[in-house]
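Worksheet for the structure shown next.
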Amino acid sequence: MTWDEMAPLLWESTWQTALMVGWSTVFTVLFGLPIGVALVVFDRGGLRPLPVLKSVLGVIVNVGRSLPFIVLMIAIIPFTRLVVGTTIGTAAVVVPLTVGAVPFFARLVETALREVGSDVVQAAQAMGASRTAIVRKVLLPEAMPGLVAGLTVTVVALIGYSAMAGTIGGGGLGDLAVRYGYQRFETLLMIVTVVLLVVIVQLIQSLGDAVARRLSHSK
Amino acid sequence: MIQASGLHKSYGETVALDGVDLHVREGEIYGVLGRSGAGKSTLLRCVNLLERPGRGTVTVAGQELTALRSGELNHARRRIGMIHQHFALLSSRTVAANVAFPLEVMGVARAERERRVAELLDLVGLGGRGGDRPHQLSGGQKQRVGIARALAGDPAVLLSDEATSALDPATTRSILDLLKRLNAELGLTILLITHEMNVVKSVCDSVAIMAGGRIEESGSIAGLIRTPGSRLTREIFPLPEPAPAGSVTLTFTGDPQRPVVSEVVREFDVEVSILGGSIEDLAGGAVGRLRVALTGEAAPALAYLRERGLLVEVAR
């Protein structure tokens, strides 16, 4: 394969990966953040202890996390059809990607929020702050460096998951590597794809680290 | 100003408060002294209901907090300031934004908030440092931010949870001076807990000594000093305990320079040997405590000393 043949393929695949990862990141934050907050707030000794609800949430999150992505993607096909009306293509991949990443991100949110000292939470309570105010003005801002670090890890994980998207016709760089690099022995394309993926992950990690560092005022 | 009665609190088998009554008068600085585990921290946290006592009632500024529902309690808490041992500042906010936090919670408008914050930072001696981050400040400065924040809601009462325990002696001194000044200038009632006798000696008007979840002794410092067998006096003045049989311990307030001992020796037929003693500067003035052994005509000499207003304790 020549460069001229590879370039459009690489370009299209990168764009597909960006779409899949981008949208599923947005939905992961949208659903994962509240679930992570709930895991902390409803916990025993939390702002609003509801241990039973917390346990139920915890179990759901653990079930979500224990399924290998490729199995999850196939298993939730009916759900995917319900949500986007199709089970193949890039849009159809966003659903399993989100479902797979939400429990992962929720746990990272939970960990980041637990890092916030109980003393600042109590200080806010002593000042008469409502629970909503404590979550919005204390827990989330104080945990922001940890949340950004968690989000970075999640995006990188999503790039990994998205490599399996080819199974249901989602395309992307992983699919490209499998179809051309592996099945057609296009070694050069394989190498280029690998290098591209490494560079993308590296860029995202560096960006995440830089933002987290900027937000961290503790030391 | 603060009235707590019959407070009980236990965590499983551990009893943290075992029937505690506390009465803090308006405008005074009240210290609760005790070792760690004595229950003083639980007591303080029961005053603004960060801990809900198992039994008993808490009334602050005429409002019975233990009878309030959570929304009303949040309102009442805004009139009770609190400062913390490790400052509990928000690292994600600037100094000014930390002080503004309670005002935001109260729904004060931005312009008014900014005005108040500048005023409060000036009050605690941090004018111009509003843009700094907490990690750029020293421990003493952080506690000043904590104090400014605690005063933002214009509280009637300030609760201090070991506010100087993480600070060095000189900084402790300056923070205590600030608290004293706020007490005098704003008429702020302060309830503080501490394990340091020095804090009680230098700022408190009244004190409660706690151990094992109970208050062992409480009252005004001046009153306790004049009470025979007071724990406070024994703790402030480290004389060997128990006093040897027949020895006399004299506690005198007022002018520590007054030569009472030589007066006694001149007036009566007694010999005085000094076994130990010291003079301490308390918030209310200097107090001395002297342990002596008298030989000779002791009874009239002791009567003379009592007449002079000294507390005379004879060990048997």
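Naming scheme: A, B, ... for chains in displayed order of the structure tokens; residues 1 onward per chain; ligands 1 onward as shown.
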
Query raised in the report: Which of region 19-251 of chain B counts as alpha helix (DSSP H) under DSSP, as a count of residues only please?
Result: 91

Query - Residue hits in chain B, query chain A, radius 8 Å, only C-alpha atoms, as a ChimeraX atom specification - result: /B:48,50,71,73-78,80-82,84,86,88-92,102,105,133,135,150

Query raised in the report: When DSSP works through the backbone of this structure, what residues of region 44-169 of chain B end up as strand (DSSP E or B), shown as a list in words?
Result: Arg55, Gly56, Thr57, Val58, Thr59, Val60, Gln63, Glu64, Ile80, Gly81, Met82, Ile83, Val157, Leu158, Leu159, Ser160 and Asp161 of chain B

Mind writing the picked residues with C-alpha atoms as a JSON list (two decimals), in the first residue's frame?
[["chain", "number", "residue", "atom", "x", "y", "z"],
["B", 55, "ARG", "CA", -30.01, 12.71, 74.99],
["B", 56, "GLY", "CA", -30.08, 16.30, 76.21],
["B", 57, "THR", "CA", -30.79, 19.72, 74.79],
["B", 58, "VAL", "CA", -28.65, 22.47, 73.33],
["B", 59, "THR", "CA", -29.75, 26.09, 73.25],
["B", 60, "VAL", "CA", -27.64, 28.74, 71.53],
["B", 63, "GLN", "CA", -32.79, 29.01, 70.11],
["B", 64, "GLU", "CA", -33.13, 25.36, 71.03],
["B", 80, "ILE", "CA", -22.50, 30.02, 64.97],
["B", 81, "GLY", "CA", -18.94, 30.41, 63.71],
["B", 82, "MET", "CA", -16.47, 27.57, 63.97],
["B", 83, "ILE", "CA", -12.71, 27.31, 63.56],
["B", 157, "VAL", "CA", -20.91, 32.59, 69.13],
["B", 158, "LEU", "CA", -17.56, 31.29, 67.96],
["B", 159, "LEU", "CA", -16.63, 27.65, 68.51],
["B", 160, "SER", "CA", -12.95, 26.85, 68.46],
["B", 161, "ASP", "CA", -11.89, 23.23, 67.98]]

**Report entry** Residues near Val93 (chain A), cut-off 12 Å, only C-alpha atoms, skip fewer than 3 positions along chain, as a ChimeraX atom specification
**Finding:** /A:16-17,19-24,69-70,72-74,76-77,79-81,83-90,96-100,158-159,161-172

Write out as an mmCIF file with N, CA and C atoms, in the first residue's frame which residues come within 12 Å of Pro53 (chain B) when counting only C-alpha atoms, dropping same-chain ones fewer than 2 positions away.
data_model
loop_
_atom_site.group_PDB
_atom_site.id
_atom_site.type_symbol
_atom_site.label_atom_id
_atom_site.label_comp_id
_atom_site.auth_asym_id
_atom_site.auth_seq_id
_atom_site.Cartn_x
_atom_site.Cartn_y
_atom_site.Cartn_z
ATOM 1 N N ALA B 4 -26.240 23.967 77.506
ATOM 2 C CA ALA B 4 -26.409 22.555 77.154
ATOM 3 C C ALA B 4 -26.759 21.821 78.427
ATOM 4 N N SER B 5 -27.767 20.973 78.374
ATOM 5 C CA SER B 5 -28.051 20.220 79.591
ATOM 6 C C SER B 5 -28.275 18.744 79.318
ATOM 7 N N GLY B 6 -27.693 17.977 80.196
ATOM 8 C CA GLY B 6 -27.872 16.527 80.192
ATOM 9 C C GLY B 6 -27.433 15.845 78.917
ATOM 10 N N LEU B 7 -26.309 16.305 78.343
ATOM 11 C CA LEU B 7 -25.873 15.714 77.072
ATOM 12 C C LEU B 7 -25.275 14.328 77.261
ATOM 13 N N HIS B 8 -25.805 13.393 76.491
ATOM 14 C CA HIS B 8 -25.264 12.043 76.436
ATOM 15 C C HIS B 8 -24.942 11.744 74.994
ATOM 16 N N LYS B 9 -23.810 11.079 74.770
ATOM 17 C CA LYS B 9 -23.500 10.645 73.409
ATOM 18 C C LYS B 9 -22.636 9.400 73.523
ATOM 19 N N SER B 10 -23.025 8.363 72.812
ATOM 20 C CA SER B 10 -22.154 7.193 72.799
ATOM 21 C C SER B 10 -22.026 6.674 71.382
ATOM 22 N N TYR B 11 -20.863 6.090 71.106
ATOM 23 C CA TYR B 11 -20.606 5.438 69.822
ATOM 24 C C TYR B 11 -20.489 3.955 70.131
ATOM 25 N N VAL B 15 -18.737 5.489 75.554
ATOM 26 C CA VAL B 15 -19.513 6.652 75.970
ATOM 27 C C VAL B 15 -18.630 7.886 75.863
ATOM 28 N N ALA B 16 -19.015 8.812 74.977
ATOM 29 C CA ALA B 16 -18.199 10.004 74.766
ATOM 30 C C ALA B 16 -18.641 11.137 75.687
ATOM 31 N N LEU B 17 -19.946 11.257 75.893
ATOM 32 C CA LEU B 17 -20.475 12.266 76.801
ATOM 33 C C LEU B 17 -21.420 11.563 77.769
ATOM 34 N N ASP B 18 -21.224 11.836 79.040
ATOM 35 C CA ASP B 18 -21.982 11.115 80.039
ATOM 36 C C ASP B 18 -22.669 12.107 80.974
ATOM 37 N N GLY B 19 -23.681 12.771 80.446
ATOM 38 C CA GLY B 19 -24.422 13.722 81.269
ATOM 39 C C GLY B 19 -23.674 15.024 81.476
ATOM 40 N N VAL B 20 -23.494 15.789 80.397
ATOM 41 C CA VAL B 20 -22.718 17.024 80.497
ATOM 42 C C VAL B 20 -23.649 18.236 80.485
ATOM 43 N N THR B 42 -16.310 16.021 71.128
ATOM 44 C CA THR B 42 -17.706 15.626 70.938
ATOM 45 C C THR B 42 -18.631 16.692 71.519
ATOM 46 N N LEU B 43 -18.270 17.205 72.689
ATOM 47 C CA LEU B 43 -19.092 18.241 73.315
ATOM 48 C C LEU B 43 -19.210 19.452 72.395
ATOM 49 N N LEU B 44 -18.068 19.893 71.859
ATOM 50 C CA LEU B 44 -18.101 21.081 70.992
ATOM 51 C C LEU B 44 -18.962 20.827 69.760
ATOM 52 N N ARG B 45 -18.808 19.617 69.195
ATOM 53 C CA ARG B 45 -19.559 19.297 67.985
ATOM 54 C C ARG B 45 -21.038 19.066 68.263
ATOM 55 N N CYS B 46 -21.351 18.840 69.527
ATOM 56 C CA CYS B 46 -22.772 18.749 69.895
ATOM 57 C C CYS B 46 -23.404 20.140 69.988
ATOM 58 N N VAL B 47 -22.564 21.159 70.221
ATOM 59 C CA VAL B 47 -23.116 22.503 70.383
ATOM 60 C C VAL B 47 -23.711 23.013 69.064
ATOM 61 N N ASN B 48 -23.070 22.703 67.912
ATOM 62 C CA ASN B 48 -23.720 23.090 66.656
ATOM 63 C C ASN B 48 -24.318 21.875 65.943
ATOM 64 N N LEU B 49 -24.473 20.814 66.703
ATOM 65 C CA LEU B 49 -25.138 19.598 66.222
ATOM 66 C C LEU B 49 -24.462 18.956 65.021
ATOM 67 N N LEU B 50 -23.130 19.156 64.892
ATOM 68 C CA LEU B 50 -22.412 18.323 63.922
ATOM 69 C C LEU B 50 -22.521 16.882 64.385
ATOM 70 N N GLU B 51 -22.581 16.710 65.710
ATOM 71 C CA GLU B 51 -22.954 15.430 66.304
ATOM 72 C C GLU B 51 -24.291 15.655 66.994
ATOM 73 N N ARG B 55 -29.035 12.088 74.101
ATOM 74 C CA ARG B 55 -30.014 12.707 74.985
ATOM 75 C C ARG B 55 -29.531 14.105 75.327
ATOM 76 N N GLY B 56 -30.462 14.961 75.774
ATOM 77 C CA GLY B 56 -30.077 16.298 76.207
ATOM 78 C C GLY B 56 -30.468 17.361 75.205
ATOM 79 N N THR B 57 -30.388 18.610 75.652
ATOM 80 C CA THR B 57 -30.787 19.718 74.791
ATOM 81 C C THR B 57 -29.659 20.733 74.683
ATOM 82 N N VAL B 58 -29.631 21.418 73.549
ATOM 83 C CA VAL B 58 -28.651 22.475 73.330
ATOM 84 C C VAL B 58 -29.398 23.729 72.905
ATOM 85 N N LEU B 65 -31.523 24.314 69.557
ATOM 86 C CA LEU B 65 -31.094 23.676 68.300
ATOM 87 C C LEU B 65 -31.586 22.247 68.197
ATOM 88 N N THR B 66 -31.626 21.567 69.323
ATOM 89 C CA THR B 66 -32.009 20.157 69.305
ATOM 90 C C THR B 66 -33.467 19.963 68.885
ATOM 91 N N ALA B 67 -34.239 21.071 68.860
ATOM 92 C CA ALA B 67 -35.635 20.938 68.463
ATOM 93 C C ALA B 67 -35.861 21.289 66.997
#
